[in-house]
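Next comes final.cif, a file with mmCIF, C-alpha atoms.
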```
data_final
#
loop_
_atom_site.label_atom_id
_atom_site.label_comp_id
_atom_site.auth_asym_id
_atom_site.auth_seq_id
_atom_site.Cartn_x
_atom_site.Cartn_y
_atom_site.Cartn_z
CA MET A 1 0.00 0.00 0.00
CA ASN A 2 2.85 2.36 0.85
CA GLY A 3 4.44 1.54 -2.50
CA PHE A 4 1.14 2.25 -4.24
CA GLY A 5 0.69 5.50 -2.31
CA SER A 6 4.09 6.82 -3.29
CA PHE A 7 3.50 5.68 -6.88
CA ILE A 8 0.29 7.74 -6.99
CA ALA A 9 2.05 10.72 -5.39
CA SER A 10 4.72 10.63 -8.11
CA PRO A 11 4.13 12.21 -11.56
CA TRP A 12 2.55 8.86 -12.49
CA GLY A 13 -0.45 10.01 -10.45
CA SER A 14 -1.44 12.34 -13.30
CA VAL A 15 -1.25 9.48 -15.76
CA LEU A 16 -3.47 7.46 -13.47
CA ALA A 17 -5.93 10.35 -13.10
CA ILE A 18 -6.18 10.78 -16.87
CA ALA A 19 -6.54 7.00 -17.31
CA GLY A 20 -9.32 6.93 -14.71
CA MET A 21 -11.17 9.85 -16.33
CA THR A 22 -10.75 8.19 -19.74
CA LEU A 23 -12.12 4.90 -18.41
CA VAL A 24 -15.28 6.30 -16.85
CA THR A 25 -15.93 8.54 -19.87
CA PHE A 26 -15.53 5.59 -22.25
CA LEU A 27 -17.91 3.54 -20.09
CA CYS A 28 -20.48 6.37 -20.40
CA ARG A 29 -19.91 6.43 -24.16
CA ILE A 30 -20.48 2.69 -24.66
CA ALA A 31 -23.11 2.07 -21.97
CA GLY A 32 -26.06 3.23 -24.07
CA VAL A 33 -25.17 0.92 -26.95
CA VAL A 34 -24.50 -2.03 -24.62
CA VAL A 35 -27.78 -1.58 -22.75
CA MET A 36 -29.89 -1.04 -25.87
CA SER A 37 -28.48 -4.15 -27.53
CA ARG A 38 -30.01 -6.13 -24.66
CA VAL A 39 -33.33 -4.28 -24.49
CA ARG A 40 -36.19 -4.84 -26.89
CA ILE A 41 -36.97 -1.45 -28.40
CA THR A 42 -40.70 -0.97 -27.89
CA PRO A 43 -42.60 1.86 -29.64
CA ARG A 44 -42.64 3.68 -26.30
CA ILE A 45 -38.86 3.52 -25.91
CA GLU A 46 -38.47 4.56 -29.54
CA ARG A 47 -40.65 7.63 -28.93
CA GLY A 48 -38.54 8.55 -25.93
CA LEU A 49 -35.29 8.21 -27.85
CA ARG A 50 -36.69 10.21 -30.75
CA ALA A 51 -37.36 13.08 -28.33
CA LEU A 52 -33.75 13.04 -27.11
CA PRO A 53 -31.87 15.17 -29.68
CA GLY A 54 -34.17 18.18 -29.35
CA SER A 55 -34.44 17.70 -25.60
CA ILE A 56 -30.69 17.62 -25.08
CA ILE A 57 -30.27 20.75 -27.21
CA LEU A 58 -32.85 22.74 -25.28
CA ALA A 59 -31.60 21.45 -21.93
CA THR A 60 -28.06 22.53 -22.87
CA ILE A 61 -28.65 25.92 -24.43
CA LEU A 62 -31.66 27.39 -22.65
CA PRO A 63 -30.00 28.08 -19.25
CA THR A 64 -26.78 29.27 -20.95
CA VAL A 65 -28.52 31.62 -23.34
CA ILE A 66 -30.86 33.05 -20.71
CA ASP A 67 -27.90 33.61 -18.35
CA SER A 68 -26.11 35.45 -21.14
CA GLY A 69 -28.96 37.91 -21.46
CA PHE A 70 -31.01 39.62 -24.14
CA PRO A 71 -28.35 39.88 -26.92
CA ALA A 72 -27.77 36.13 -26.71
CA MET A 73 -31.49 35.42 -27.04
CA ILE A 74 -31.78 37.68 -30.11
CA ALA A 75 -28.70 36.08 -31.66
CA LEU A 76 -30.09 32.59 -31.10
CA ALA A 77 -33.41 33.60 -32.67
CA VAL A 78 -31.65 35.08 -35.71
CA ALA A 79 -29.53 31.92 -36.09
CA ILE A 80 -32.62 29.70 -36.00
CA VAL A 81 -34.52 31.85 -38.51
CA ALA A 82 -31.52 31.98 -40.87
CA MET A 83 -31.19 28.20 -40.65
CA ALA A 84 -34.93 27.66 -41.19
CA VAL A 85 -34.86 29.85 -44.31
CA THR A 86 -31.62 28.63 -45.90
CA ARG A 87 -31.24 25.13 -44.38
CA ILE A 88 -27.47 25.73 -44.48
CA ASP A 89 -25.98 25.26 -41.01
CA ILE A 90 -22.96 27.52 -41.60
CA VAL A 91 -25.26 30.36 -42.64
CA GLY A 92 -27.30 29.97 -39.44
CA LEU A 93 -24.15 29.94 -37.30
CA VAL A 94 -22.60 32.99 -38.96
CA ALA A 95 -25.89 34.92 -38.81
CA GLY A 96 -26.22 34.21 -35.08
CA LEU A 97 -22.62 35.06 -34.20
CA GLY A 98 -22.66 38.14 -36.42
CA THR A 99 -25.81 39.39 -34.72
CA LEU A 100 -24.28 38.88 -31.31
CA ALA A 101 -21.07 40.69 -32.27
CA ILE A 102 -23.03 43.63 -33.72
CA ILE A 103 -25.32 43.98 -30.69
CA ARG A 104 -22.34 43.83 -28.33
CA ALA A 105 -20.35 46.33 -30.38
CA PHE A 106 -23.15 48.90 -30.16
CA GLY A 107 -24.69 47.86 -26.86
CA MET B 1 -28.34 13.70 -49.71
CA THR B 2 -32.00 13.68 -48.72
CA LEU B 3 -33.23 10.13 -49.26
CA MET B 4 -36.79 10.06 -48.09
CA SER B 5 -38.04 6.68 -49.34
CA PRO B 6 -36.93 3.39 -47.75
CA ALA B 7 -33.69 3.96 -45.88
CA PRO B 8 -30.73 1.89 -47.07
CA ARG B 9 -29.30 -0.74 -44.74
CA PRO B 10 -26.57 0.45 -42.38
CA HIS B 11 -23.20 0.20 -44.10
CA PHE B 12 -19.71 1.72 -44.05
CA SER B 13 -17.80 3.45 -46.81
CA TYR B 14 -14.63 5.48 -47.09
CA SER B 15 -16.39 8.12 -49.14
CA GLY B 16 -18.68 8.41 -46.11
CA LEU B 17 -15.64 9.36 -44.03
CA ARG B 18 -15.00 12.31 -46.32
CA GLN B 19 -18.67 13.29 -46.35
CA GLY B 20 -18.71 13.19 -42.54
CA ALA B 21 -15.56 15.29 -42.30
CA ARG B 22 -17.19 17.93 -44.51
CA ALA B 23 -20.45 17.80 -42.55
CA ALA B 24 -18.50 18.48 -39.35
CA LEU B 25 -17.44 21.95 -40.50
CA PRO B 26 -20.15 23.95 -38.67
CA ALA B 27 -18.99 22.40 -35.38
CA PHE B 28 -15.39 23.63 -35.87
CA PRO B 29 -15.83 27.13 -34.38
CA GLY B 30 -17.30 25.73 -31.17
CA PHE B 31 -14.61 23.10 -30.83
CA ILE B 32 -11.86 25.60 -31.56
CA MET B 33 -13.08 28.12 -28.98
CA PHE B 34 -13.62 25.50 -26.30
CA ALA B 35 -10.30 23.74 -26.86
CA LEU B 36 -8.41 27.05 -26.93
CA ALA B 37 -10.03 27.95 -23.62
CA PHE B 38 -9.17 24.54 -22.17
CA GLY B 39 -5.54 24.64 -23.33
CA THR B 40 -5.14 28.14 -21.91
CA ALA B 41 -6.72 27.23 -18.58
CA ALA B 42 -4.63 24.07 -18.28
CA ALA B 43 -1.40 25.99 -18.87
CA GLN B 44 -2.40 28.61 -16.29
CA LYS B 45 -3.23 25.87 -13.82
CA GLY B 46 0.30 24.51 -14.23
CA LEU B 47 -0.40 21.27 -16.08
CA SER B 48 2.35 19.96 -18.33
CA LEU B 49 1.84 19.80 -22.08
CA GLY B 50 1.62 16.02 -21.87
CA GLU B 51 -1.11 16.14 -19.22
CA THR B 52 -3.06 18.75 -21.17
CA LEU B 53 -2.88 16.87 -24.47
CA GLY B 54 -3.55 13.58 -22.68
CA LEU B 55 -6.80 14.95 -21.28
CA SER B 56 -7.89 16.26 -24.68
CA ALA B 57 -6.85 13.14 -26.58
CA PHE B 58 -8.20 10.46 -24.26
CA VAL B 59 -10.92 11.97 -22.08
CA TYR B 60 -12.05 14.14 -25.02
CA ALA B 61 -15.11 15.65 -23.32
CA GLY B 62 -14.92 19.40 -22.87
CA ALA B 63 -17.12 20.01 -19.87
CA SER B 64 -15.53 17.24 -17.82
CA GLN B 65 -12.04 18.40 -18.79
CA MET B 66 -12.83 21.90 -17.52
CA VAL B 67 -14.35 20.59 -14.30
CA GLY B 68 -11.37 18.23 -13.97
CA LEU B 69 -9.02 21.22 -14.02
CA GLU B 70 -10.82 22.68 -11.03
CA ILE B 71 -9.99 19.65 -8.91
CA TRP B 72 -6.63 18.86 -10.52
CA GLN B 73 -3.89 17.98 -8.00
CA GLN B 74 -0.15 18.51 -7.93
CA VAL B 75 0.20 15.41 -5.76
CA TRP B 76 -2.41 12.69 -6.16
CA THR B 77 -3.85 10.33 -3.57
CA PRO B 78 -6.22 7.39 -4.11
CA THR B 79 -9.03 9.59 -2.75
CA THR B 80 -8.44 12.50 -5.12
CA ILE B 81 -8.21 10.10 -8.08
CA LEU B 82 -11.53 8.51 -7.12
CA THR B 83 -13.02 11.99 -6.73
CA ILE B 84 -11.97 13.15 -10.18
CA MET B 85 -13.26 9.89 -11.69
CA THR B 86 -16.63 10.30 -9.97
CA VAL B 87 -17.01 13.93 -11.01
CA THR B 88 -16.07 13.01 -14.58
CA ALA B 89 -18.64 10.20 -14.65
CA VAL B 90 -21.36 12.53 -13.38
CA VAL B 91 -20.61 15.22 -15.97
CA ASN B 92 -20.41 12.69 -18.81
CA ALA B 93 -23.34 10.48 -17.83
CA ARG B 94 -25.48 12.20 -20.48
CA MET B 95 -23.41 10.37 -23.12
CA ILE B 96 -25.18 7.16 -22.11
CA MET B 97 -28.30 8.52 -23.79
CA LEU B 98 -26.45 9.56 -26.95
CA GLY B 99 -25.12 6.05 -27.34
CA ALA B 100 -28.55 4.54 -26.78
CA THR B 101 -29.95 6.30 -29.86
CA LEU B 102 -27.02 5.11 -32.00
CA GLN B 103 -27.41 1.42 -31.21
CA PRO B 104 -29.82 0.49 -34.05
CA TRP B 105 -27.50 2.19 -36.56
CA LEU B 106 -24.33 0.52 -35.25
CA LYS B 107 -25.55 -2.95 -34.37
CA HIS B 108 -24.11 -4.72 -37.44
CA GLU B 109 -20.78 -2.91 -37.28
CA PRO B 110 -17.56 -4.75 -36.37
CA LEU B 111 -16.79 -4.28 -32.68
CA PRO B 112 -13.43 -2.47 -32.99
CA ARG B 113 -14.90 0.15 -35.33
CA THR B 114 -17.85 0.71 -33.00
CA ALA B 115 -15.44 1.04 -30.07
CA LEU B 116 -13.53 3.72 -31.99
CA ASN B 117 -16.73 5.46 -33.06
CA LEU B 118 -17.98 5.56 -29.48
CA PHE B 119 -14.60 6.57 -28.07
CA LEU B 120 -14.90 9.66 -30.29
CA LEU B 121 -18.56 10.31 -29.42
CA THR B 122 -19.41 13.96 -28.73
CA GLU B 123 -22.70 15.83 -28.63
CA ALA B 124 -21.84 17.92 -31.69
CA GLY B 125 -20.77 14.91 -33.77
CA TRP B 126 -23.80 12.99 -32.59
CA LEU B 127 -26.13 15.84 -33.61
CA ILE B 128 -24.58 15.99 -37.08
CA GLY B 129 -24.86 12.21 -37.38
CA THR B 130 -28.44 12.25 -36.12
CA ARG B 131 -29.39 14.84 -38.72
CA TYR B 132 -27.83 12.70 -41.48
CA HIS B 133 -29.61 9.61 -40.13
CA ASN B 134 -32.97 11.44 -39.95
CA GLU B 135 -32.56 12.39 -43.60
CA GLY B 136 -32.29 8.70 -44.45
CA GLY B 137 -28.50 8.26 -44.48
CA ARG B 138 -27.14 5.03 -43.01
CA ASP B 139 -23.42 5.19 -43.85
CA VAL B 140 -21.58 4.74 -40.54
CA GLY B 141 -18.54 6.25 -42.26
CA VAL B 142 -20.21 9.64 -42.05
CA LEU B 143 -20.49 9.39 -38.28
CA LEU B 144 -16.87 8.25 -37.95
CA GLY B 145 -15.48 10.79 -40.43
CA CYS B 146 -17.18 13.59 -38.54
CA ALA B 147 -15.89 12.24 -35.21
CA LEU B 148 -12.29 11.83 -36.43
CA ILE B 149 -11.96 15.33 -37.84
CA LEU B 150 -13.51 16.89 -34.72
CA TRP B 151 -11.04 14.97 -32.52
CA LEU B 152 -8.12 16.27 -34.61
CA VAL B 153 -9.43 19.84 -34.39
CA TRP B 154 -9.87 19.45 -30.63
CA LEU B 155 -6.35 18.12 -30.11
CA ALA B 156 -4.64 20.66 -32.38
CA THR B 157 -6.43 23.63 -30.82
CA THR B 158 -5.72 22.39 -27.30
CA PHE B 159 -2.04 22.53 -28.29
CA VAL B 160 -2.41 26.07 -29.65
CA GLY B 161 -4.32 27.17 -26.55
CA PHE B 162 -1.63 25.77 -24.26
CA PHE B 163 1.07 27.98 -25.80
CA ALA B 164 -0.81 30.89 -27.29
CA GLY B 165 -3.80 31.26 -24.98
CA ALA B 166 -2.73 34.74 -23.92
CA LEU B 167 -2.66 35.85 -27.56
CA VAL B 168 -6.26 34.88 -28.26
CA PRO B 169 -8.38 38.04 -28.40
CA GLU B 170 -11.21 38.50 -25.92
CA PRO B 171 -13.71 35.93 -27.24
CA LYS B 172 -16.72 37.85 -25.93
CA ARG B 173 -16.14 40.70 -28.35
CA PHE B 174 -16.89 38.47 -31.33
CA GLY B 175 -19.68 36.55 -29.67
CA LEU B 176 -17.46 33.50 -29.57
CA ASP B 177 -18.39 32.56 -26.00
CA LEU B 178 -21.78 31.51 -27.38
CA VAL B 179 -20.55 29.59 -30.43
CA MET B 180 -21.58 26.24 -29.01
CA PRO B 181 -25.12 27.20 -27.89
CA ILE B 182 -25.79 28.90 -31.23
CA PHE B 183 -24.50 25.88 -33.16
CA PHE B 184 -26.81 23.66 -31.07
CA GLY B 185 -29.72 26.01 -31.77
CA VAL B 186 -29.03 25.80 -35.51
CA MET B 187 -29.03 22.00 -35.31
CA LEU B 188 -32.47 22.16 -33.71
CA VAL B 189 -34.04 23.34 -36.97
CA PRO B 190 -33.69 20.14 -39.04
CA LEU B 191 -35.06 18.18 -36.07
CA TRP B 192 -38.33 20.14 -36.15
CA LYS B 193 -41.22 17.92 -37.25
CA GLY B 194 -44.13 20.04 -35.99
CA ALA B 195 -45.31 21.27 -32.63
CA LYS B 196 -46.44 17.97 -31.13
CA PRO B 197 -43.14 16.07 -31.48
CA ALA B 198 -41.50 19.16 -29.95
CA LEU B 199 -43.56 19.06 -26.76
CA PRO B 200 -40.93 16.94 -24.96
CA TRP B 201 -38.32 19.57 -25.88
CA LEU B 202 -40.38 22.13 -24.01
CA VAL B 203 -40.48 19.87 -20.96
CA ALA B 204 -36.71 19.36 -21.26
CA GLY B 205 -36.10 23.11 -21.45
CA LEU B 206 -38.30 23.89 -18.45
CA VAL B 207 -36.78 21.16 -16.29
CA SER B 208 -33.25 22.23 -17.19
CA LEU B 209 -34.05 25.84 -16.24
CA ILE B 210 -35.45 24.75 -12.89
CA VAL B 211 -32.54 22.43 -12.10
CA HIS B 212 -30.06 25.07 -13.25
CA ALA B 213 -31.61 27.55 -10.81
CA LEU B 214 -31.51 25.09 -7.91
CA VAL B 215 -28.41 22.92 -8.38
CA PRO B 216 -24.90 24.13 -9.23
CA GLY B 217 -22.87 22.35 -11.90
CA TYR B 218 -23.84 20.65 -15.14
CA LEU B 219 -26.65 18.50 -13.74
CA PHE B 220 -29.26 20.59 -15.58
CA ILE B 221 -28.30 19.06 -18.94
CA ILE B 222 -28.92 15.45 -18.02
CA ALA B 223 -31.97 16.29 -15.88
CA GLY B 224 -33.58 18.21 -18.75
CA ALA B 225 -32.68 15.60 -21.35
CA LEU B 226 -34.06 12.79 -19.20
CA ALA B 227 -37.27 14.73 -18.60
CA GLY B 228 -37.61 15.17 -22.37
CA VAL B 229 -37.16 11.44 -23.01
CA VAL B 230 -39.74 10.55 -20.34
CA ALA B 231 -42.16 13.12 -21.78
CA GLY B 232 -41.61 11.62 -25.23
CA MET B 233 -42.44 8.17 -23.87
CA LEU B 234 -45.62 9.42 -22.18
CA ILE B 235 -47.01 11.54 -25.04
CA GLU B 236 -48.74 9.21 -27.49
#
```
Mind converting the file's structure to structure tokens?
Amino acid sequence: MNGFGSFIASPWGSVLAIAGMTLVTFLCRIAGVVVMSRVRITPRIERGLRALPGSIILATILPTVIDSGFPAMIALAVAIVAMAVTRIDIVGLVAGLGTLAIIRAFG
Amino acid sequence: MTLMSPAPRPHFSYSGLRQGARAALPAFPGFIMFALAFGTAAAQKGLSLGETLGLSAFVYAGASQMVGLEIWQQVWTPTTILTIMTVTAVVNARMIMLGATLQPWLKHEPLPRTALNLFLLTEAGWLIGTRYHNEGGRDVGVLLGCALILWLVWLATTFVGFFAGALVPEPKRFGLDLVMPIFFGVMLVPLWKGAKPALPWLVAGLVSLIVHALVPGYLFIIAGALAGVVAGMLIE
């Protein structure tokens, strides 16, 4: 144990920390596939999974954008409208970021 | 690219890799800004170049890398290593759900390629892949090509951030602090299939706002996403 303790306290501890973080992250990455390959996908489960992409987007951006204030909300709206009109993701992104930069420059 | 009638069977092609790499382009700005910020913060925190690149190359999950920096140690003990592993698992638990949606697409793939694909799984790459899949595409090469190029961008910009972080202009001035949320918002548009299928999104958004107001940290993402999935299961 003492040998292990001094090993961890050496620079090898960082390697171990990165390895540990990598391991748990990889387990998170594969767990969904492993579980779903053992579960029969019922229509109900399929509906739930179909709701995930939009749900994860809103859950991620809504608190961030609201915390960032009014200019961020306008910029997000402009990005979404530009994307809806053109269907070109780069155009939506540039429109949103451009709007934000302009509002901040004059605000 | 839009194949509406019967979707082809899942397959893999090298031309798909190139198509995926091209499709990844709109995610570049977000990756670049985040990795620059991470590389800069890691250098300021006193991490070596090897540690910084190791985190970006192997953990490869921005939020958990940033949180990891906050509890990074000069001298490690078994307890601090377990702590950083636990915190990492909590921040990255949302990836379980991303993988779950990919399973039907990947189930006939050879195991090593699926392991690589999942090792490189990120929300941005997954969103681009999901959009392609929704439009009828089934080439797993697209998913992998997108993932590979994003990983390279992430690693290269971590390196730049480590050395040149101080030279990067104030990101706020160009709206670059919100690159990722705006990219996510843009990716919401092709997912739109009418108001009713979007009801769970509303639930997800509300729950994430509530959790964000009550609980510190990144818990609001997984709480909101889970609420959305449950709502999707309950709404007929």
*Atomic separation - atom CA of B:Asp177 relative to atom CA of B:Pro29, Å*: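 If I compute the distance from atom CA of B:Pro29 to atom CA of B:Asp177, I get 10.3 Å.
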*Quick one: residues within 10 Å of (-5.8, 15.6, -25.2) (file frame), counting all atoms listed in the file, please, as a list in words.*
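The requested residues, written out, are Ile18 of chain A; Ala35, Gly39, Leu49, Gly50, Glu51, Thr52, Leu53, Gly54, Leu55, Ser56, Ala57, Phe58, Val59, Tyr60, Ala61, Gln65, Trp151, Leu152, Trp154, Leu155, Ala156, Thr157, Thr158 and Phe159 of chain B.
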Quick one: apply the PyMOL selection byres ((chain A and resi 14) around 9) to the file and drop the selected residues here as a short mmCIF file (atom, residue, chain, number, x, y, z; two decimals) with C-alpha atoms, keeping the file's coordinate frame.
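That gives us out_30.cif:
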```cif
data_model
loop_
_atom_site.label_atom_id
_atom_site.label_comp_id
_atom_site.auth_asym_id
_atom_site.auth_seq_id
_atom_site.Cartn_x
_atom_site.Cartn_y
_atom_site.Cartn_z
CA ILE A 8 0.29 7.74 -6.99
CA ALA A 9 2.05 10.72 -5.39
CA SER A 10 4.72 10.63 -8.11
CA PRO A 11 4.13 12.21 -11.56
CA TRP A 12 2.55 8.86 -12.49
CA GLY A 13 -0.45 10.01 -10.45
CA VAL A 15 -1.25 9.48 -15.76
CA LEU A 16 -3.47 7.46 -13.47
CA ALA A 17 -5.93 10.35 -13.10
CA ILE A 18 -6.18 10.78 -16.87
CA ALA A 19 -6.54 7.00 -17.31
CA GLU B 51 -1.11 16.14 -19.22
CA TRP B 72 -6.63 18.86 -10.52
CA GLN B 73 -3.89 17.98 -8.00
CA GLN B 74 -0.15 18.51 -7.93
CA VAL B 75 0.20 15.41 -5.76
CA TRP B 76 -2.41 12.69 -6.16
CA ILE B 81 -8.21 10.10 -8.08
#
```
*asked:* Please determine, counting all atoms listed in the file, which residue among A:Pro63, A:Gly107, A:Pro71, A:Pro43 has the shortest atom-to-atom distance to chain B.
replied: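 Smallest separation from chain B among the options: A:Pro63.
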*Rank B:Val160, B:Ile221, B:Leu47, B:Val186 by their smallest atom-to-atom distance to A:Arg87, using only C-alpha atoms, and report the top residue only.*
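So, comparing all the options, the nearest one is B:Val186.
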*Evaluate the PyMOL selection byres ((chain B and resi 7-16) around 6) here and jot the selected residues down as a list in words.*
Pro6, Leu17, Arg18, Gln19, Gly20, Gly136, Arg138, Asp139, Val140, Gly141 and Val142 of chain B
*asked:* At a cut-off of 7 Å around the point (-35.9, 27.0, -18.3) (file coordinates), what residues fall inside when counting only C-alpha atoms? I'd like the answer as an NGL selection string.
replied: (:A and (62-63)) or (:B and (205-210))
Grab the residues selected above and save them as a compact mmCIF listing (two decimals), in the frame of the given file with C-alpha atoms.
```
# COMPACT_ATOMS: atom_id res chain seq x y z
CA LEU A 62 -31.66 27.39 -22.65
CA PRO A 63 -30.00 28.08 -19.25
CA GLY B 205 -36.10 23.11 -21.45
CA LEU B 206 -38.30 23.89 -18.45
CA VAL B 207 -36.78 21.16 -16.29
CA SER B 208 -33.25 22.23 -17.19
CA LEU B 209 -34.05 25.84 -16.24
CA ILE B 210 -35.45 24.75 -12.89
```
*Could you give me, as a count of residues only, the residues within 12 Å of B:Leu106, counting only C-alpha atoms and dropping anything in the same chain fewer than 4 positions from it?*
31
*How many Å lie between atom CA of B:Leu36 and atom CA of B:Phe163, rounded to one decimal?*
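Result for atom CA of B:Leu36 versus atom CA of B:Phe163: 9.6 Å, one decimal.
Distances from B:Gly194, B:Gly46, B:Gly161, B:Pro26 to chain A were compared using only C-alpha atoms, and the smallest one belongs to B:Pro26.
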*asked:* Expand the PyMOL selection byres ((chain B and resi 86) around 12) into the explicit residue set it covers here, and present it as a count of residues only.
replied: 26
Contacts of A:Gly96 at 8 Å or less, counting only C-alpha atoms, minus same-chain residues fewer than 3 places along, as a compact mmCIF listing (two decimals) with C-alpha atoms, in the frame of the given file?
```txt
# COMPACT_ATOMS: atom_id res chain seq x y z
CA ALA A 75 -28.70 36.08 -31.66
CA LEU A 76 -30.09 32.59 -31.10
CA ALA A 77 -33.41 33.60 -32.67
CA VAL A 78 -31.65 35.08 -35.71
CA ALA A 79 -29.53 31.92 -36.09
CA ILE A 80 -32.62 29.70 -36.00
CA GLY A 92 -27.30 29.97 -39.44
CA LEU A 93 -24.15 29.94 -37.30
CA THR A 99 -25.81 39.39 -34.72
CA LEU A 100 -24.28 38.88 -31.31
CA ILE B 182 -25.79 28.90 -31.23
```
*What separation in Å, quoted to one decimal, exists between atom CA of A:Thr64 and atom CA of B:Trp126?*
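Separation of atom CA of A:Thr64 and atom CA of B:Trp126: 20.2 Å.
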Write out as lines of an AutoDock Vina configuration file an axis-aligned box for stretch 2-13 of chain A: all of its atoms listed in the file, 6 Å added on each side, centre and edge lengths in Å with one decimal.
```
center_x = 2.1
center_y = 6.9
center_z = -5.8
size_x = 17.2
size_y = 22.7
size_z = 25.3
```
*Could you pull the residues within 12 Å of B:Leu188, counting only C-alpha atoms, minus those fewer than 2 positions along the same chain, as an NGL selection string?*
(:A and (51-61 or 76-77 or 79-81 or 83-84 or 87 or 89 or 92-93)) or (:B and (124 or 127-128 or 130-131 or 181-186 or 190-193 or 198 or 201))
*Given the choices A:Ala95, A:Ile88, A:Ala101, A:Ile41, which gets closest to chain B if the distance is worked out from only C-alpha atoms?*
A:Ala101
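For the residues B:Ala195, B:Leu214, B:Val230, B:Ala37, ranking by smallest atom-to-atom distance to chain A using all atoms listed in the file places B:Val230 first.
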*Looking at only C-alpha atoms, which of A:Leu27, A:Ala82, A:Arg47, A:Ser6 is the one that sits closest to B:Thr77?*
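Checking each of A:Leu27, A:Ala82, A:Arg47, A:Ser6 against B:Thr77, counting only C-alpha atoms, the winner is A:Ser6.
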